[in-house]
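Source file protein.pdb; content: PDB, C-alpha atoms and all ligand atoms.
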ATOM      1  CA  MET A   1      92.798  46.474  70.544
ATOM      2  CA  LEU A   2      91.782  49.942  71.653
ATOM      3  CA  THR A   3      92.576  53.181  69.858
ATOM      4  CA  VAL A   4      92.644  56.381  71.895
ATOM      5  CA  LEU A   5      93.503  59.484  69.881
ATOM      6  CA  ASP A   6      96.816  58.698  68.171
ATOM      7  CA  LYS A   7      97.748  55.672  70.287
ATOM      8  CA  THR A   8      97.016  51.974  70.057
ATOM      9  CA  PHE A   9      96.544  49.867  73.165
ATOM     10  CA  VAL A  10      96.285  46.108  73.604
ATOM     11  CA  PRO A  11      94.389  44.120  76.265
ATOM     12  CA  PHE A  12      96.211  43.920  79.595
ATOM     13  CA  ILE A  13      93.927  43.105  82.559
ATOM     14  CA  ASP A  14      90.426  41.887  81.761
ATOM     15  CA  HIS A  15      87.239  42.746  83.586
ATOM     16  CA  GLU A  16      86.886  39.421  85.375
ATOM     17  CA  THR A  17      90.471  39.470  86.634
ATOM     18  CA  LEU A  18      89.961  43.029  87.906
ATOM     19  CA  GLN A  19      86.702  42.157  89.657
ATOM     20  CA  ASN A  20      88.149  39.040  91.307
ATOM     21  CA  ARG A  21      91.158  40.936  92.629
ATOM     22  CA  ILE A  22      89.016  43.845  93.847
ATOM     23  CA  ALA A  23      86.815  41.386  95.758
ATOM     24  CA  GLU A  24      89.967  40.022  97.424
ATOM     25  CA  LEU A  25      91.109  43.514  98.434
ATOM     26  CA  ALA A  26      87.643  44.275  99.822
ATOM     27  CA  HIS A  27      87.766  41.038 101.790
ATOM     28  CA  GLN A  28      91.072  42.130 103.363
ATOM     29  CA  ILE A  29      89.603  45.546 104.198
ATOM     30  CA  ASN A  30      86.483  43.956 105.703
ATOM     31  CA  ARG A  31      88.734  41.901 107.942
ATOM     32  CA  ASP A  32      91.194  44.679 108.823
ATOM     33  CA  TYR A  33      88.483  47.238 109.638
ATOM     34  CA  ALA A  34      85.958  44.977 111.371
ATOM     35  CA  GLY A  35      84.222  46.956 114.118
ATOM     36  CA  ARG A  36      85.499  50.299 112.813
ATOM     37  CA  ARG A  37      83.853  52.773 110.457
ATOM     38  CA  PRO A  38      86.439  53.974 107.962
ATOM     39  CA  LEU A  39      85.985  56.899 105.601
ATOM     40  CA  ILE A  40      86.756  55.753 102.060
ATOM     41  CA  VAL A  41      88.416  58.615 100.151
ATOM     42  CA  GLY A  42      88.328  58.035  96.394
ATOM     43  CA  VAL A  43      90.701  60.130  94.293
ATOM     44  CA  LEU A  44      88.969  61.519  91.200
ATOM     45  CA  ASN A  45      88.923  61.071  88.306
ATOM     46  CA  GLY A  46      90.962  57.932  87.786
ATOM     47  CA  ALA A  47      89.784  55.915  90.777
ATOM     48  CA  VAL A  48      86.066  56.386  90.199
ATOM     49  CA  LEU A  49      85.355  52.898  88.849
ATOM     50  CA  PHE A  50      87.753  51.130  91.218
ATOM     51  CA  THR A  51      86.237  52.937  94.206
ATOM     52  CA  ALA A  52      82.709  51.971  93.127
ATOM     53  CA  ASP A  53      83.590  48.312  92.602
ATOM     54  CA  LEU A  54      85.521  48.156  95.876
ATOM     55  CA  LEU A  55      82.552  49.639  97.742
ATOM     56  CA  LYS A  56      80.174  47.043  96.343
ATOM     57  CA  ASN A  57      82.271  44.402  98.071
ATOM     58  CA  LEU A  58      82.605  46.120 101.451
ATOM     59  CA  THR A  59      80.354  44.695 104.152
ATOM     60  CA  ILE A  60      81.625  46.814 107.056
ATOM     61  CA  ASP A  61      80.068  50.132 108.043
ATOM     62  CA  CYS A  62      81.882  52.776 106.024
ATOM     63  CA  GLU A  63      81.414  56.261 104.662
ATOM     64  CA  ILE A  64      82.541  57.441 101.279
ATOM     65  CA  THR A  65      83.823  60.712  99.888
ATOM     66  CA  PHE A  66      85.781  61.828  96.846
ATOM     67  CA  ILE A  67      88.663  64.234  96.505
ATOM     68  CA  ARG A  68      90.556  65.797  93.659
ATOM     69  CA  VAL A  69      94.187  66.778  93.845
ATOM     70  CA  ALA A  70      95.336  70.054  92.392
ATOM     71  CA  SER A  71      98.909  70.775  91.397
ATOM     72  CA  TYR A  72     100.437  73.948  90.061
ATOM     73  CA  GLU A  73     101.015  73.728  86.341
ATOM     74  CA  GLN A  74     104.721  73.745  85.646
ATOM     75  CA  THR A  75     106.851  73.086  82.642
ATOM     76  CA  ALA A  76     107.660  69.559  83.721
ATOM     77  CA  SER A  77     105.263  67.257  85.518
ATOM     78  CA  THR A  78     106.647  67.557  89.019
ATOM     79  CA  GLY A  79     103.811  65.649  90.584
ATOM     80  CA  GLN A  80     103.620  68.343  93.243
ATOM     81  CA  VAL A  81     100.192  68.278  94.839
ATOM     82  CA  LYS A  82      99.434  71.595  96.489
ATOM     83  CA  GLN A  83      95.866  71.147  97.538
ATOM     84  CA  ILE A  84      93.191  68.593  98.178
ATOM     85  CA  LEU A  85      89.816  69.675  96.819
ATOM     86  CA  GLY A  86      86.411  68.455  97.912
ATOM     87  CA  LEU A  87      87.138  67.081 101.360
ATOM     88  CA  THR A  88      84.312  68.619 103.355
ATOM     89  CA  GLU A  89      84.162  65.909 106.035
ATOM     90  CA  ALA A  90      86.016  66.370 109.314
ATOM     91  CA  VAL A  91      88.722  63.724 109.216
ATOM     92  CA  GLU A  92      90.297  64.296 112.616
ATOM     93  CA  GLY A  93      90.292  61.024 114.513
ATOM     94  CA  ARG A  94      88.907  59.060 111.551
ATOM     95  CA  ASP A  95      90.334  55.970 109.877
ATOM     96  CA  LEU A  96      90.878  56.928 106.239
ATOM     97  CA  ILE A  97      91.333  54.593 103.291
ATOM     98  CA  VAL A  98      92.563  56.515 100.255
ATOM     99  CA  VAL A  99      91.613  54.804  96.996
ATOM    100  CA  GLU A 100      93.862  55.536  94.007
ATOM    101  CA  ASP A 101      93.932  54.247  90.451
ATOM    102  CA  ILE A 102      97.708  53.962  90.110
ATOM    103  CA  VAL A 103     100.908  54.733  91.966
ATOM    104  CA  ASP A 104     103.636  55.525  89.459
ATOM    105  CA  THR A 105     106.425  57.763  90.796
ATOM    106  CA  GLY A 106     104.549  57.917  94.108
ATOM    107  CA  LEU A 107     104.841  61.712  94.277
ATOM    108  CA  THR A 108     101.081  62.220  94.188
ATOM    109  CA  ILE A 109     100.203  59.729  96.885
ATOM    110  CA  VAL A 110     103.014  60.900  99.184
ATOM    111  CA  GLU A 111     101.664  64.458  99.054
ATOM    112  CA  VAL A 112      98.061  63.348  99.492
ATOM    113  CA  TYR A 113      99.176  61.338 102.521
ATOM    114  CA  ARG A 114     101.057  64.310 103.973
ATOM    115  CA  LEU A 115      98.158  66.730 103.450
ATOM    116  CA  LEU A 116      95.681  64.304 105.015
ATOM    117  CA  MET A 117      97.960  63.570 107.981
ATOM    118  CA  ALA A 118      98.071  67.307 108.714
ATOM    119  CA  GLN A 119      94.356  67.033 109.527
ATOM    120  CA  LYS A 120      95.113  64.510 112.289
ATOM    121  CA  PRO A 121      93.168  61.419 111.229
ATOM    122  CA  ALA A 122      93.503  58.318 113.414
ATOM    123  CA  SER A 123      95.040  56.440 110.459
ATOM    124  CA  VAL A 124      95.546  56.650 106.711
ATOM    125  CA  ALA A 125      95.803  53.508 104.579
ATOM    126  CA  ILE A 126      96.338  53.492 100.825
ATOM    127  CA  ALA A 127      94.510  51.195  98.415
ATOM    128  CA  THR A 128      95.773  51.397  94.851
ATOM    129  CA  LEU A 129      94.520  49.306  91.984
ATOM    130  CA  LEU A 130      97.839  49.445  90.131
ATOM    131  CA  PHE A 131     101.424  49.957  91.255
ATOM    132  CA  LYS A 132     104.564  50.397  89.147
ATOM    133  CA  PRO A 133     107.381  49.453  91.552
ATOM    134  CA  ALA A 134     110.115  50.301  89.027
ATOM    135  CA  ALA A 135     108.875  53.899  88.759
ATOM    136  CA  LEU A 136     108.606  54.632  92.481
ATOM    137  CA  GLN A 137     110.812  57.593  93.403
ATOM    138  CA  THR A 138     110.017  57.900  97.053
ATOM    139  CA  PRO A 139     109.425  55.132  99.588
ATOM    140  CA  MET A 140     105.772  54.779 100.461
ATOM    141  CA  HIS A 141     103.897  52.034 102.237
ATOM    142  CA  LEU A 142     100.876  50.831 100.252
ATOM    143  CA  GLU A 143      98.531  48.708 102.364
ATOM    144  CA  TYR A 144      96.389  47.344  99.529
ATOM    145  CA  ILE A 145      97.748  46.787  96.016
ATOM    146  CA  GLY A 146      95.605  45.305  93.257
ATOM    147  CA  PHE A 147      98.319  44.560  90.708
ATOM    148  CA  SER A 148     102.019  45.382  90.542
ATOM    149  CA  ILE A 149     102.763  46.047  86.883
ATOM    150  CA  GLU A 150     105.673  46.870  84.613
ATOM    151  CA  ASN A 151     106.592  50.471  83.968
ATOM    152  CA  LYS A 152     104.320  50.842  80.929
ATOM    153  CA  PHE A 153     101.488  53.240  80.158
ATOM    154  CA  VAL A 154      98.019  51.807  80.731
ATOM    155  CA  VAL A 155      94.488  53.082  80.077
ATOM    156  CA  GLY A 156      90.928  52.045  80.751
ATOM    157  CA  TYR A 157      88.744  51.310  83.747
ATOM    158  CA  GLY A 158      89.070  54.918  84.900
ATOM    159  CA  LEU A 159      92.592  55.603  83.637
ATOM    160  CA  ASP A 160      92.902  58.075  80.782
ATOM    161  CA  TYR A 161      95.092  59.113  77.921
ATOM    162  CA  ASN A 162      94.606  62.874  77.476
ATOM    163  CA  GLY A 163      91.187  62.683  79.080
ATOM    164  CA  LEU A 164      89.933  59.781  76.977
ATOM    165  CA  GLY A 165      89.781  56.018  77.360
ATOM    166  CA  ARG A 166      88.456  55.900  80.920
ATOM    167  CA  ASN A 167      85.181  54.240  79.941
ATOM    168  CA  THR A 168      86.170  50.621  79.435
ATOM    169  CA  LYS A 169      85.668  47.529  81.582
ATOM    170  CA  ASP A 170      89.169  46.226  80.893
ATOM    171  CA  ILE A 171      92.622  47.773  81.262
ATOM    172  CA  TYR A 172      94.826  48.141  78.187
ATOM    173  CA  VAL A 173      98.537  48.762  77.752
ATOM    174  CA  LEU A 174     100.260  50.900  75.133
ATOM    175  CA  LYS A 175     101.229  48.757  72.150
ATOM    176  CA  GLU A 176     104.965  48.531  71.538
ATOM    177  CA  SER A 177     105.693  49.827  68.050
TER     178      SER A 177
HETATM  179  P1  LIG C 201     102.508  59.502  90.346
HETATM  180  O1  LIG C 201     103.637  59.512  89.371
HETATM  181  O2  LIG C 201     102.459  60.781  91.120
HETATM  182  O3  LIG C 201     102.567  58.279  91.247
HETATM  183  O4  LIG C 201     101.189  59.371  89.501
HETATM  184  C1  LIG C 201     100.511  60.524  89.106
HETATM  185  C2  LIG C 201      99.334  60.229  88.216
HETATM  186  O5  LIG C 201      99.834  59.930  86.934
HETATM  187  C3  LIG C 201      98.432  59.048  88.540
HETATM  188  O6  LIG C 201      97.448  59.311  89.532
HETATM  189  C4  LIG C 201      97.764  58.842  87.198
HETATM  190  O7  LIG C 201      96.718  59.758  87.034
HETATM  191  C5  LIG C 201      98.904  59.175  86.234
HETATM  192  N1  LIG C 201      99.533  57.942  85.726
HETATM  193  C6  LIG C 201     100.677  57.360  86.120
HETATM  194  N2  LIG C 201     100.938  56.255  85.397
HETATM  195  C7  LIG C 201      99.902  56.142  84.534
HETATM  196  C8  LIG C 201      99.574  55.190  83.499
HETATM  197  O8  LIG C 201     100.264  54.201  83.221
HETATM  198  N3  LIG C 201      98.423  55.422  82.818
HETATM  199  C9  LIG C 201      97.598  56.478  83.074
HETATM  200  N4  LIG C 201      96.499  56.592  82.335
HETATM  201  N5  LIG C 201      97.878  57.389  84.028
HETATM  202  C10 LIG C 201      99.018  57.214  84.743
HETATM  203 MG    MG C 202      95.203  58.897  90.419
HETATM  204 MG    MG C 203      95.573  61.153  83.973
END
Output the file's structure in the form of structure tokens.
Amino acid sequence: MLTVLDKTFVPFIDHETLQNRIAELAHQINRDYAGRRPLIVGVLNGAVLFTADLLKNLTIDCEITFIRVASYEQTASTGQVKQILGLTEAVEGRDLIVVEDIVDTGLTIVEVYRLLMAQKPASVAIATLLFKPAALQTPMHLEYIGFSIENKFVVGYGLDYNGLGRNTKDIYVLKES
């Protein structure tokens, strides 16, 4: 069990299962990008641990950068990304692999994709550790998916609840009360 602020979480995906699956995804990327030099674009903060563990398993030549997405604060969480922060590299003509922690409604990743495409990269692929197919509101092709999960709130291994709970090796799911 894991307590974060007022919520209780129970074990969901353990460290070894995560690491094995990440090694498989890296293997696919090594194969798909053989002879190319992709730019790995990790999305902070949630994907920091996933990006690091993925990188450790990449054997191809690759570069790495991190971005943050900024959205205007509104009354409801619209998921509207207005800006990508931190991308100082020229991406025109590059093969990009965006690394995300989780795709829920898909609104974030769709906007990130659109904003990156405007900079004319050669290609943009998405690698997400977690995917909630039942929550997806907008069709989006995800090239690399770690785990498709139920529409439940998860924390750990980079994912937070109100800023906390990112610093665990395992992923936990909100306990049903
Ligand atoms: P979207 O709904 O736009 O696909 O996801 C937006 C963001 O919501 C994700 O990048 C992630 O930060 C957060 N999010 C979505 N589902 C979860 C979840 O189950 N747990 C946590 N900790 N964050 C989530
Ligand atoms: Mg994210
Ligand atoms: Mg969050």
Tell me which residues the PyMOL selection byres (((chain A and resi 158) around 10) and not hetatm) grabs here, as an NGL selection string.
-> :A and (44-51 or 101 or 155-157 or 159-160 or 163-171)
Where does the PyMOL selection byres (((chain A and resi 105) around 9) and not hetatm) land in this file, that is, which residues does it pick, as a PyMOL selection string?
-> chain A and resi 79+103-104+106-109+132-138
Please dump the current selection as a compact mmCIF listing (two decimals), in the coordinates of the input; keep C-alpha atoms.
# COMPACT_ATOMS: atom_id res chain seq x y z
CA GLY A 79 103.81 65.65 90.58
CA VAL A 103 100.91 54.73 91.97
CA ASP A 104 103.64 55.52 89.46
CA GLY A 106 104.55 57.92 94.11
CA LEU A 107 104.84 61.71 94.28
CA THR A 108 101.08 62.22 94.19
CA ILE A 109 100.20 59.73 96.88
CA LYS A 132 104.56 50.40 89.15
CA PRO A 133 107.38 49.45 91.55
CA ALA A 134 110.12 50.30 89.03
CA ALA A 135 108.88 53.90 88.76
CA LEU A 136 108.61 54.63 92.48
CA GLN A 137 110.81 57.59 93.40
CA THR A 138 110.02 57.90 97.05
Between A:Ala23, A:Val91, A:Leu142, A:Leu85, smallest distance to A:Ala122 by all atoms listed in the file belongs to A:Val91
Go through A:Val110, A:Leu96, A:Met140, A:Ala90 and flag the residue nearest A:Ser123, using only C-alpha atoms for the distances.
-> A:Leu96
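Each of A:Val41, A:Leu18, A:Leu87, A:Val69 was compared to ligand LIG 201 (chain C) using all atoms listed in the file, and A:Val69 turns out to be the nearest.
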Given the file shown, determine the residues that the PyMOL selection byres (((chain A and resi 92) around 6) and not hetatm) selects; report them as a VMD selection string.
-> chain A and resid 90 to 91 93 to 94 119 to 121
To test the calculation: enclose all listed atoms of ligand LIG 201 (chain C) in a box whose edges run along x, y and z, add 6 Å on each side, then state centre and edge lengths in Å to one decimal, as AutoDock Vina command-line options.
--center_x 100.1 --center_y 57.5 --center_z 86.8 --size_x 19.1 --size_y 18.6 --size_z 20.9
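For the residues A:Asp95, A:Glu100, A:Asp6, A:Glu89, ranking by smallest atom-to-atom distance to ligand MG 203 (chain C) using only C-alpha atoms and all ligand atoms places A:Glu100 first.
Separating atom CA of A:Leu116 from atom CA of A:Val98 is a distance of 9.6 Å.
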Which residue of A:Leu54, A:Thr17, A:Ile60, A:Asn151 approaches A:Gly35 most closely, using all atoms listed in the file = A:Ile60
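Closest approach to ligand MG 202 (chain C) among A:Arg68, A:His141, A:Arg114, A:Lys82: A:Arg68, based on only C-alpha atoms and all ligand atoms.
Here atom CA of A:Glu24 stands at a distance of 25.4 Å from atom CA of A:Val10.
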Please tell me which residues are no farther than 10 Å from (85.8, 52.5, 107.9) in the file, counting only C-alpha atoms, and write them as a list of chain:residue names.
-> A:Ile29, A:Asn30, A:Asp32, A:Tyr33, A:Ala34, A:Gly35, A:Arg36, A:Arg37, A:Pro38, A:Leu39, A:Ile40, A:Leu58, A:Ile60, A:Asp61, A:Cys62, A:Glu63, A:Ile64, A:Arg94, A:Asp95, A:Leu96, A:Ile97
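Atom CA of A:Gly42 is positioned 12.9 Å from atom CA of A:Tyr113.
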Taking (95.0, 67.9, 101.1) in the file's coordinates, which residues come within 6 Å, counting only C-alpha atoms, written as number ranges by chain?
-> A: 83-84, 112, 115-116
